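What follows is the content of final_28.tsv, which has TSV, C-alpha atoms and all ligand atoms:
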```
chain	number	residue	atom	x	y	z
A	1011	MET	CA	33.09	38.84	66.25
A	1012	GLN	CA	29.58	40.16	67.01
A	1013	LYS	CA	28.54	40.05	70.67
A	1014	ILE	CA	24.86	39.17	70.93
A	1015	ILE	CA	22.15	38.62	73.51
A	1016	ILE	CA	19.15	36.60	72.31
A	1017	ASP	CA	15.80	37.51	73.90
A	1018	THR	CA	13.66	34.47	73.24
A	1019	ASP	CA	10.51	32.42	73.91
A	1020	PRO	CA	11.58	28.89	72.88
A	1021	GLY	CA	9.71	27.83	70.91
A	1022	ILE	CA	10.74	25.53	68.10
A	1023	ASP	CA	12.08	28.09	65.64
A	1024	ASP	CA	13.73	29.88	68.56
A	1025	ALA	CA	15.57	26.65	69.31
A	1026	LEU	CA	16.90	26.41	65.77
A	1027	ALA	CA	17.95	30.08	65.83
A	1028	ILE	CA	19.86	29.55	69.08
A	1029	LEU	CA	21.54	26.38	67.75
A	1030	LEU	CA	22.67	28.23	64.61
A	1031	ALA	CA	24.01	31.17	66.63
A	1032	LEU	CA	25.97	28.77	68.84
A	1033	ALA	CA	27.37	26.95	65.82
A	1034	ALA	CA	28.67	30.22	64.32
A	1035	LYS	CA	31.25	30.49	67.10
A	1036	ASP	CA	33.84	32.35	64.99
A	1037	GLU	CA	31.34	35.03	64.01
A	1038	LEU	CA	28.99	35.32	67.00
A	1039	GLU	CA	29.63	35.45	70.74
A	1040	VAL	CA	26.35	34.54	72.45
A	1041	ILE	CA	26.68	36.36	75.76
A	1042	ALA	CA	23.38	35.18	77.23
A	1043	LEU	CA	19.81	34.14	76.59
A	1044	THR	CA	17.01	36.16	78.18
A	1045	THR	CA	13.61	34.49	78.23
A	1046	VAL	CA	10.19	36.01	77.83
A	1047	ASN	CA	6.61	34.73	77.99
A	1048	GLY	CA	5.42	33.97	74.49
A	1049	ASN	CA	5.02	30.65	72.71
A	1050	VAL	CA	4.47	29.07	76.12
A	1051	GLY	CA	4.74	30.32	79.72
A	1052	ILE	CA	7.89	31.77	81.26
A	1053	ASP	CA	8.88	28.69	83.29
A	1054	LYS	CA	8.61	26.44	80.22
A	1055	VAL	CA	10.50	28.78	77.86
A	1056	THR	CA	13.23	29.15	80.48
A	1057	LYS	CA	13.59	25.38	80.92
A	1058	ASN	CA	13.58	25.03	77.13
A	1059	ALA	CA	16.36	27.61	76.82
A	1060	LEU	CA	18.47	25.64	79.32
A	1061	LYS	CA	17.73	22.41	77.44
A	1062	ILE	CA	18.73	23.85	74.08
A	1063	LEU	CA	22.06	25.02	75.52
A	1064	GLU	CA	22.58	21.58	77.06
A	1065	ILE	CA	21.91	19.82	73.75
A	1066	ALA	CA	24.41	22.16	72.09
A	1067	GLY	CA	26.92	21.47	74.86
A	1068	LYS	CA	26.91	25.15	75.80
A	1069	ASN	CA	25.26	25.28	79.18
A	1070	VAL	CA	28.01	27.63	80.34
A	1071	ILE	CA	26.02	30.38	78.61
A	1072	PRO	CA	23.78	32.05	81.23
A	1073	VAL	CA	20.00	32.13	80.95
A	1074	TYR	CA	18.08	34.98	82.61
A	1075	LYS	CA	14.36	34.61	83.23
A	1076	GLY	CA	12.22	37.57	82.15
A	1077	ASN	CA	8.63	38.72	82.00
A	1078	ALA	CA	5.91	36.18	82.80
A	1079	LYS	CA	3.26	38.24	81.02
A	1080	PRO	CA	2.86	41.11	78.57
A	1081	LEU	CA	3.18	44.69	79.86
A	1082	MET	CA	-0.54	45.36	80.05
A	1083	ARG	CA	-2.39	42.30	78.83
A	1084	LYS	CA	-2.98	38.70	79.80
A	1085	SER	CA	-0.81	36.07	78.12
A	1086	GLY	CA	-1.56	34.49	74.77
A	1087	HIS	CA	0.43	31.37	73.86
A	1088	CYS	CA	0.98	29.26	70.76
A	1089	GLU	CA	0.86	25.62	71.81
A	1090	GLU	CA	-0.85	24.58	68.58
A	1091	TYR	CA	2.45	25.17	66.76
A	1092	HIS	CA	5.04	24.59	69.46
A	1093	GLY	CA	3.39	21.95	71.65
A	1094	ASP	CA	2.27	22.32	75.27
A	1095	ASP	CA	5.89	22.28	76.45
A	1096	GLY	CA	7.07	24.64	73.71
A	1097	LEU	CA	9.50	22.13	72.17
A	1098	GLY	CA	7.21	19.71	70.36
A	1099	ASN	CA	5.90	17.73	73.37
A	1100	LEU	CA	8.88	15.37	73.25
A	1101	GLY	CA	9.87	15.82	76.86
A	1102	PHE	CA	13.12	17.58	76.03
A	1103	GLY	CA	12.52	20.37	78.50
A	1104	ASP	CA	11.75	17.99	81.37
A	1105	CYS	CA	15.29	16.74	81.78
A	1106	CYS	CA	17.27	19.94	81.56
A	1107	ARG	CA	20.19	20.23	83.96
A	1108	GLY	CA	21.30	23.53	85.42
A	1109	ASP	CA	19.19	26.52	86.33
A	1110	CYS	CA	18.68	30.06	85.21
A	1111	GLN	CA	20.49	32.97	86.84
A	1112	LYS	CA	18.94	34.62	89.87
A	1113	GLU	CA	19.15	38.08	88.28
A	1114	TYR	CA	15.95	39.20	86.50
A	1115	ALA	CA	16.42	39.33	82.73
A	1116	VAL	CA	15.56	43.01	82.38
A	1117	ASP	CA	18.01	43.96	85.14
A	1118	PHE	CA	20.65	41.95	83.30
A	1119	LEU	CA	19.85	43.53	79.93
A	1120	VAL	CA	20.16	47.07	81.30
A	1121	ARG	CA	23.30	46.28	83.35
A	1122	LYS	CA	25.13	44.46	80.55
A	1123	VAL	CA	24.20	46.78	77.69
A	1124	LYS	CA	25.14	49.88	79.72
A	1125	ALA	CA	28.44	48.27	80.81
A	1126	GLU	CA	29.35	47.57	77.17
A	1127	THR	CA	27.72	50.53	75.47
A	1128	GLY	CA	27.68	50.29	71.70
A	1129	GLU	CA	29.05	46.75	71.64
A	1130	ILE	CA	26.08	44.44	72.05
A	1131	THR	CA	23.58	43.42	69.37
A	1132	LEU	CA	20.20	42.46	70.79
A	1133	VAL	CA	18.32	39.77	68.85
A	1134	ALA	CA	14.66	39.72	69.92
A	1135	ILE	CA	12.81	36.65	68.67
A	1136	GLY	CA	9.82	36.64	71.02
A	1137	PRO	CA	7.34	39.24	72.25
A	1138	LEU	CA	9.13	42.52	73.05
A	1139	THR	CA	8.09	42.72	76.69
A	1140	ASN	CA	11.62	42.49	78.14
A	1141	VAL	CA	13.06	44.96	75.64
A	1142	ALA	CA	10.26	47.45	76.28
A	1143	GLU	CA	10.68	47.18	80.04
A	1144	ALA	CA	14.42	47.81	79.68
A	1145	VAL	CA	13.62	50.96	77.66
A	1146	GLN	CA	11.20	52.08	80.37
A	1147	ARG	CA	13.74	51.33	83.13
A	1148	ASP	CA	16.66	53.23	81.63
A	1149	SER	CA	16.47	56.23	79.31
A	1150	GLU	CA	19.90	55.45	77.83
A	1151	PHE	CA	19.25	51.76	77.14
A	1152	ALA	CA	18.08	52.15	73.53
A	1153	GLN	CA	21.03	54.33	72.56
A	1154	SER	CA	23.44	51.91	74.28
A	1155	VAL	CA	22.42	48.92	72.15
A	1156	LYS	CA	24.67	48.57	69.09
A	1157	GLU	CA	21.87	47.09	66.95
A	1158	LEU	CA	18.42	45.61	67.54
A	1159	ILE	CA	17.24	42.83	65.24
A	1160	ILE	CA	13.60	41.83	65.76
A	1161	MET	CA	11.74	38.83	64.43
A	1162	GLY	CA	8.23	40.16	64.38
A	1163	GLY	CA	5.57	42.04	62.54
A	1164	ALA	CA	4.35	41.92	58.99
A	1165	GLU	CA	3.94	44.51	56.25
A	1166	TYR	CA	0.88	42.89	54.74
A	1167	GLU	CA	-0.50	39.74	56.37
A	1168	GLY	CA	-0.32	38.53	59.95
A	1169	ASN	CA	-0.43	35.02	61.36
A	1170	MET	CA	-2.61	35.60	64.44
A	1171	SER	CA	-5.09	37.82	62.65
A	1172	PRO	CA	-5.23	39.19	59.10
A	1173	HIS	CA	-2.96	42.00	60.31
A	1174	ALA	CA	-1.03	40.91	63.43
A	1175	GLU	CA	2.05	38.68	63.76
A	1176	PHE	CA	2.36	36.61	66.95
A	1177	ASN	CA	5.25	38.41	68.71
A	1178	PHE	CA	3.63	41.83	68.26
A	1179	TRP	CA	0.10	40.45	68.77
A	1180	THR	CA	1.14	39.04	72.15
A	1181	ASP	CA	2.35	42.41	73.46
A	1182	PRO	CA	1.45	45.33	71.16
A	1183	GLU	CA	2.16	47.94	73.86
A	1184	ALA	CA	5.71	46.61	74.20
A	1185	ALA	CA	6.26	46.66	70.44
A	1186	LYS	CA	4.97	50.25	70.25
A	1187	ILE	CA	7.40	51.33	72.98
A	1188	VAL	CA	10.33	49.64	71.23
A	1189	PHE	CA	9.68	51.18	67.81
A	1190	SER	CA	9.46	54.67	69.33
A	1191	ALA	CA	12.44	54.26	71.69
A	1192	GLY	CA	15.12	55.59	69.35
A	1193	PHE	CA	17.36	52.53	69.03
A	1194	LYS	CA	20.37	53.38	66.84
A	1195	LYS	CA	19.80	50.61	64.32
A	1196	VAL	CA	16.68	48.45	64.12
A	1197	THR	CA	15.84	45.73	61.62
A	1198	MET	CA	12.34	44.27	61.64
A	1199	VAL	CA	12.44	40.77	60.16
A	1200	GLY	CA	8.76	40.21	59.48
A	1201	LEU	CA	6.63	37.49	57.96
A	1202	GLU	CA	7.15	38.52	54.36
A	1203	ALA	CA	10.90	37.80	54.65
A	1204	THR	CA	10.53	34.70	56.83
A	1205	SER	CA	8.25	33.09	54.22
A	1206	TYR	CA	11.48	32.29	52.33
A	1207	ALA	CA	12.90	30.41	55.34
A	1208	PHE	CA	10.65	27.43	54.69
A	1209	LEU	CA	11.98	23.99	55.70
A	1210	SER	CA	10.77	21.54	53.05
A	1211	PRO	CA	10.01	17.87	53.78
A	1212	ALA	CA	13.13	16.91	51.74
A	1213	LEU	CA	15.45	19.11	53.82
A	1214	ARG	CA	13.74	17.97	57.01
A	1215	GLU	CA	14.26	14.34	55.96
A	1216	LEU	CA	17.96	15.11	55.45
A	1217	LEU	CA	18.14	16.15	59.10
A	1218	TYR	CA	16.94	12.66	60.05
A	1219	LEU	CA	19.52	11.01	57.78
A	1220	ILE	CA	22.39	13.16	59.05
A	1221	ASN	CA	21.69	11.32	62.29
A	1222	THR	CA	23.55	13.38	64.88
A	1223	PRO	CA	22.03	14.36	68.27
A	1224	VAL	CA	21.49	17.94	67.07
A	1225	SER	CA	20.11	16.99	63.64
A	1226	ARG	CA	17.73	14.47	65.19
A	1227	PHE	CA	16.67	17.02	67.85
A	1228	ILE	CA	15.80	19.49	65.07
A	1229	TYR	CA	14.06	16.75	63.09
A	1230	GLU	CA	12.00	15.68	66.12
A	1231	ILE	CA	10.89	19.10	67.36
A	1232	THR	CA	10.00	20.35	63.86
A	1233	ARG	CA	7.51	17.49	63.53
A	1234	VAL	CA	4.98	19.30	65.73
A	1235	TYR	CA	5.78	22.57	63.94
A	1236	ALA	CA	5.15	20.98	60.54
A	1237	ASP	CA	1.98	19.30	61.82
A	1238	GLY	CA	0.70	22.67	63.04
A	1239	ASN	CA	1.42	24.21	59.65
A	1240	TRP	CA	-0.45	21.38	57.89
A	1241	ASN	CA	-3.41	21.46	60.29
A	1242	MET	CA	-3.75	25.25	60.22
A	1243	LYS	CA	-2.66	26.12	56.69
A	1244	ARG	CA	-2.37	22.89	54.68
A	1245	GLU	CA	1.30	23.75	54.05
A	1246	LEU	CA	3.88	20.93	53.85
A	1247	GLY	CA	6.90	21.92	55.91
A	1248	CYS	CA	7.51	24.73	58.39
A	1249	ARG	CA	8.68	28.31	58.45
A	1250	LEU	CA	11.86	28.95	60.45
A	1251	CYS	CA	10.99	32.55	61.30
A	1252	ASP	CA	13.44	33.25	64.12
A	1253	VAL	CA	16.36	31.60	62.33
A	1254	LEU	CA	16.35	34.36	59.70
A	1255	THR	CA	17.52	36.91	62.29
A	1256	ILE	CA	20.69	34.87	62.87
A	1257	VAL	CA	21.22	34.20	59.17
A	1258	TYR	CA	20.93	37.97	58.64
A	1259	LEU	CA	23.66	38.52	61.25
A	1260	LEU	CA	25.89	36.00	59.47
A	1261	ASN	CA	25.32	37.32	55.95
A	1262	ARG	CA	23.46	40.58	55.47
A	1263	ASP	CA	23.19	39.96	51.73
A	1264	VAL	CA	20.73	37.09	52.26
A	1265	VAL	CA	18.04	39.57	53.31
A	1266	LYS	CA	16.74	42.55	51.32
A	1267	THR	CA	15.73	45.48	53.52
A	1268	VAL	CA	14.15	48.87	52.91
A	1269	ASP	CA	13.97	51.96	55.12
A	1270	ALA	CA	10.66	52.37	56.94
A	1271	PHE	CA	8.72	54.02	59.70
A	1272	VAL	CA	6.83	51.41	61.71
A	1273	ASP	CA	4.21	51.98	64.38
A	1274	ILE	CA	2.07	49.44	66.20
A	1275	GLU	CA	-1.70	49.38	66.57
A	1276	THR	CA	-2.72	48.65	70.18
A	1277	GLN	CA	-6.48	48.47	69.92
A	1278	GLY	CA	-9.45	47.73	67.69
A	1279	LEU	CA	-9.86	45.58	64.62
A	1280	CYS	CA	-6.16	45.69	63.68
A	1281	ASP	CA	-4.86	45.29	67.24
A	1282	GLY	CA	-1.19	44.19	67.19
A	1283	ALA	CA	-0.63	45.16	63.56
A	1284	SER	CA	2.69	46.67	62.48
A	1285	VAL	CA	1.80	49.61	60.24
A	1286	VAL	CA	4.68	49.97	57.79
A	1287	TYR	CA	5.39	53.25	55.97
A	1288	ARG	CA	8.24	52.71	53.49
A	1289	THR	CA	9.98	56.09	53.68
A	1290	LYS	CA	10.68	56.15	49.94
A	1291	ARG	CA	6.91	56.05	49.38
A	1292	TYR	CA	6.11	58.22	52.43
A	1293	PRO	CA	9.02	60.74	52.67
A	1294	ASP	CA	7.27	62.73	55.39
A	1295	LYS	CA	7.68	59.79	57.78
A	1296	LYS	CA	10.94	59.62	59.79
A	1297	LYS	CA	12.75	56.28	59.42
A	1298	ASN	CA	12.87	54.28	62.67
A	1299	CYS	CA	13.96	50.93	61.23
A	1300	GLU	CA	14.73	48.85	58.20
A	1301	ILE	CA	12.22	46.14	57.34
A	1302	ALA	CA	13.22	42.87	55.71
A	1303	VAL	CA	11.11	42.46	52.59
A	1304	LYS	CA	12.54	39.26	51.11
A	1305	ALA	CA	15.26	36.66	51.62
A	1306	ASP	CA	17.34	34.34	49.43
A	1307	ALA	CA	16.02	30.89	50.36
A	1308	LYS	CA	19.06	29.04	48.95
A	1309	GLY	CA	21.45	31.34	50.77
A	1310	PHE	CA	19.42	30.88	53.96
A	1311	PHE	CA	19.66	27.08	53.95
A	1312	GLU	CA	23.28	27.06	52.81
A	1313	ILE	CA	24.09	29.09	55.91
A	1314	PHE	CA	21.81	27.03	58.20
A	1315	PHE	CA	23.21	23.66	57.11
A	1316	GLY	CA	26.69	25.05	56.39
A	1317	TYR	CA	27.25	26.07	60.02
A	1318	LEU	CA	25.36	23.20	61.68
A	1319	PHE	CA	26.24	20.29	59.38
A	1320	PRO	CA	29.08	21.52	57.09
A	1321	GLU	CA	29.93	18.07	55.74
A	1322	TYR	CA	26.46	17.91	54.13
A	1323	LEU	CA	26.56	21.33	52.50
A	1324	ASN	CA	27.14	19.97	48.98
A	1325	ILE	CA	24.13	17.66	49.31
A	1326	VAL	CA	22.02	20.58	50.50
A	1327	LYS	CA	23.11	22.67	47.51
A	1328	GLU	CA	22.10	19.86	45.14
A	1329	LEU	CA	18.74	19.46	46.90
A	1330	LEU	CA	18.20	23.22	46.70
A	1331	ASN	CA	19.01	23.07	42.99
A	1332	GLY	CA	16.32	20.43	42.50
A	1333	LYS	CA	18.45	17.32	42.05
A	1334	GLU	CA	16.57	14.30	43.33
A	1335	GLU	CA	19.60	11.94	43.40
A	1336	VAL	CA	22.31	13.45	45.54
B	1401	LIG	O1	5.34	34.80	64.27
B	1401	LIG	C1	6.50	34.04	64.45
B	1401	LIG	C2	7.04	34.22	65.83
B	1401	LIG	O2	6.09	33.75	66.76
B	1401	LIG	C3	8.32	33.41	66.10
B	1401	LIG	O3	9.14	34.12	66.99
B	1401	LIG	C4	7.81	32.15	66.74
B	1401	LIG	O4	8.74	31.60	67.67
B	1401	LIG	C5	6.61	32.65	67.48
B	1401	LIG	O5	7.04	33.11	68.72
B	1402	CA	CA	10.04	33.08	68.96
```

In structure tokens, how does this file's structure come out?
Ligand code: RIB
Ligand code: CA
Amino acid sequence: MQKIIIDTDPGIDDALAILLALAAKDELEVIALTTVNGNVGIDKVTKNALKILEIAGKNVIPVYKGNAKPLMRKSGHCEEYHGDDGLGNLGFGDCCRGDCQKEYAVDFLVRKVKAETGEITLVAIGPLTNVAEAVQRDSEFAQSVKELIIMGGAEYEGNMSPHAEFNFWTDPEAAKIVFSAGFKKVTMVGLEATSYAFLSPALRELLYLINTPVSRFIYEITRVYADGNWNMKRELGCRLCDVLTIVYLLNRDVVKTVDAFVDIETQGLCDGASVVYRTKRYPDKKKNCEIAVKADAKGFFEIFFGYLFPEYLNIVKELLNGKEEV
């Protein structure tokens, strides 16, 4: 059983990552969600986090509200992909019951990680503002985290600029702090790997036909995500970036990683870029992470559907193998 805290800015792909983590109850213990300004503002992402837990029937899991803005910059959001409310403008966040904890997310992160040193895996699927502040607050925080898995960055091409991926673009100073903090084990799951986590129209249609509250929730909120992908990139479907961090936790073999030294640009033309030195190519650079360079798309969706909708796994396998009639 892996104990995890998910630091998140829900966010449509965040929502799917959280739902998958909650479904893998024999493998993952989700201790808490900590929210951070990112896809939309902090109040919206926090309400969305509560709503996602409610839809999964898990609102006993605590939500801690975090940073309302990047460490040193003004906020940049991503409504064109996630909707103004961050969950596809379907009103899901409006009717969330419950409330977040009173304790500030960064206080919680430091307190909990230090109390259970070496036992908690931190999964960061939004801008790294909270994680960076925890590093700044406590010199032992980084070494106390068992493992840090980050959705963010890109080795070659960004999605907010030719070089910068959204989570690092939003708060480059935070990302720079995190990559130089000396965490024991860091995996950067960047855009090259998440390109394989691409929900096709056929698989999205299956979610509609499965016709459960969770499948229909995923189907509904990914509509806006798919629309954004079509409008911005003329791509049919949508990339489930954050979900790959959870799939990686559930089966490390689905993701290929290589050792690397990563640093973050915080100014100029390539502001927010993750500069990746693969240490095999650049042996003079000291490894500070592993970067995910590719993923097995079939394995990804077999895990995603296998945990969330196990009775449909055989149909998913046939769809993935190109069979039209299933
Ligand atoms: O670039 C992808 C990342 O930006 C994901 O975490 C998505 O939720 C958005 O925040
Ligand atoms: Ca996210």

When you draw a straight line from CA of Thr1255 in chain A to CA of Glu1143 in chain A, how long is it in Å?
->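 Atom-to-atom, CA of Thr1255 in chain A and CA of Glu1143 in chain A are spaced 21.6 Å apart.
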
Distance query 12 Å from (21.7, 43.0, 84.5) using all atoms listed in the file, result as a VMD selection string | chain A and resid 1015 1042 1044 1072 to 1076 1111 to 1126 1140 1144 1147 to 1148 1151

Kindly save the residues from that selection, with C-alpha atoms included, as a PDB file, keeping the file's coordinate frame.
```pdb
ATOM      1  CA  ILE A1015      22.150  38.620  73.510  1.00  0.00           C
ATOM      2  CA  ALA A1042      23.380  35.180  77.230  1.00  0.00           C
ATOM      3  CA  THR A1044      17.010  36.160  78.180  1.00  0.00           C
ATOM      4  CA  PRO A1072      23.780  32.050  81.230  1.00  0.00           C
ATOM      5  CA  VAL A1073      20.000  32.130  80.950  1.00  0.00           C
ATOM      6  CA  TYR A1074      18.080  34.980  82.610  1.00  0.00           C
ATOM      7  CA  LYS A1075      14.360  34.610  83.230  1.00  0.00           C
ATOM      8  CA  GLY A1076      12.220  37.570  82.150  1.00  0.00           C
ATOM      9  CA  GLN A1111      20.490  32.970  86.840  1.00  0.00           C
ATOM     10  CA  LYS A1112      18.940  34.620  89.870  1.00  0.00           C
ATOM     11  CA  GLU A1113      19.150  38.080  88.280  1.00  0.00           C
ATOM     12  CA  TYR A1114      15.950  39.200  86.500  1.00  0.00           C
ATOM     13  CA  ALA A1115      16.420  39.330  82.730  1.00  0.00           C
ATOM     14  CA  VAL A1116      15.560  43.010  82.380  1.00  0.00           C
ATOM     15  CA  ASP A1117      18.010  43.960  85.140  1.00  0.00           C
ATOM     16  CA  PHE A1118      20.650  41.950  83.300  1.00  0.00           C
ATOM     17  CA  LEU A1119      19.850  43.530  79.930  1.00  0.00           C
ATOM     18  CA  VAL A1120      20.160  47.070  81.300  1.00  0.00           C
ATOM     19  CA  ARG A1121      23.300  46.280  83.350  1.00  0.00           C
ATOM     20  CA  LYS A1122      25.130  44.460  80.550  1.00  0.00           C
ATOM     21  CA  VAL A1123      24.200  46.780  77.690  1.00  0.00           C
ATOM     22  CA  LYS A1124      25.140  49.880  79.720  1.00  0.00           C
ATOM     23  CA  ALA A1125      28.440  48.270  80.810  1.00  0.00           C
ATOM     24  CA  GLU A1126      29.350  47.570  77.170  1.00  0.00           C
ATOM     25  CA  ASN A1140      11.620  42.490  78.140  1.00  0.00           C
ATOM     26  CA  ALA A1144      14.420  47.810  79.680  1.00  0.00           C
ATOM     27  CA  ARG A1147      13.740  51.330  83.130  1.00  0.00           C
ATOM     28  CA  ASP A1148      16.660  53.230  81.630  1.00  0.00           C
ATOM     29  CA  PHE A1151      19.250  51.760  77.140  1.00  0.00           C
TER      30      PHE A1151
END
```

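Here the question is which of A:Pro1293, A:Gly1021, A:Gly1168, A:Gly1309 gets nearest to Asn1099 in chain A using all atoms listed in the file, and that residue is A:Gly1021.
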
Produce as a list in words the set of residues near ligand CA 1402 (chain B), where near means within 9 Å with all atoms listed in the file considered.
-> Asp1017, Thr1018, Asp1019, Pro1020, Gly1021, Ile1022, Asp1023, Asp1024, Ala1025, Gly1048, Asn1049, Ala1134, Ile1135, Gly1136, Pro1137, Met1161, Gly1162, Phe1176, Asn1177, Cys1251 and Asp1252 of chain A

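Around His1173 in chain A, within 9 Å and counting all atoms listed in the file, the residues found are Gly1163, Ala1164, Glu1165, Tyr1166, Glu1167, Gly1168, Asn1169, Met1170, Ser1171, Glu1175, Leu1279, Cys1280, Asp1281, Gly1282, Ala1283, Ser1284 and Val1285 of chain A, once anything fewer than 2 positions away on its own chain is removed.
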
Pick out the residues sitting within 12 Å of range 1231-1238 of chain A, and hand them over as a PyMOL selection string; count all atoms listed in the file, and ignore anything fewer than 2 positions along from it in its own chain.
-> chain A and resi 1020-1026+1049+1058+1062+1088-1103+1208-1211+1213-1215+1217-1218+1224-1229+1240-1251

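The two atoms in question, CA of Gly1051 in chain A and CA of Ala1078 in chain A, are spaced 6.7 Å apart.
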
CA of Lys1079 in chain A to CA of Ile1041 in chain A: how many Å, to one decimal?
->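 It comes out at 24.1 Å.
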
Go through A:Ile1028, A:Ala1270, A:Cys1299, A:Val1264 one by one, measure the shortest atom-to-atom distance of each to ligand LIG 1401 (chain B) using all atoms listed in the file, and give the residue with the smallest value.
->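 Once distances to ligand LIG 1401 (chain B) are computed over all atoms listed in the file, the minimum belongs to A:Ile1028.
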
Produce the centre coordinates and the three edge lengths, each in Å to one decimal, of the box along x, y and z that contains all listed atoms of range 1192-1205 of chain A with 3 Å added on each side, as JSON.
```
{"center_x": 13.5, "center_y": 44.3, "center_z": 61.8, "size_x": 19.7, "size_y": 28.5, "size_z": 21.1}
```

Within 6 Å of Ala1302 in chain A, counting only C-alpha atoms, which residues qualify if same-chain residues fewer than 2 places away don't, as an MDAnalysis selection string?
-> chainID A and resid 1199 1203 1266:1267 1304

With distances taken over all atoms listed in the file, the candidate from A:Gly1192, A:Gly1200, A:Pro1080, A:Gly1067 nearest ligand LIG 1401 (chain B) is A:Gly1200

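Of the residues under consideration (A:Ala1142, A:Ala1027, A:Leu1081, A:Ile1187), A:Ala1027 shows the shortest atom-to-atom contact distance to ligand LIG 1401 (chain B) when counting all atoms listed in the file.
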
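Nearest-residue note for ligand LIG 1401 (chain B): choosing from A:Ile1016, A:Leu1323, A:Leu1260, A:Ala1184, the minimum distance belongs to A:Ile1016, counting all atoms listed in the file.
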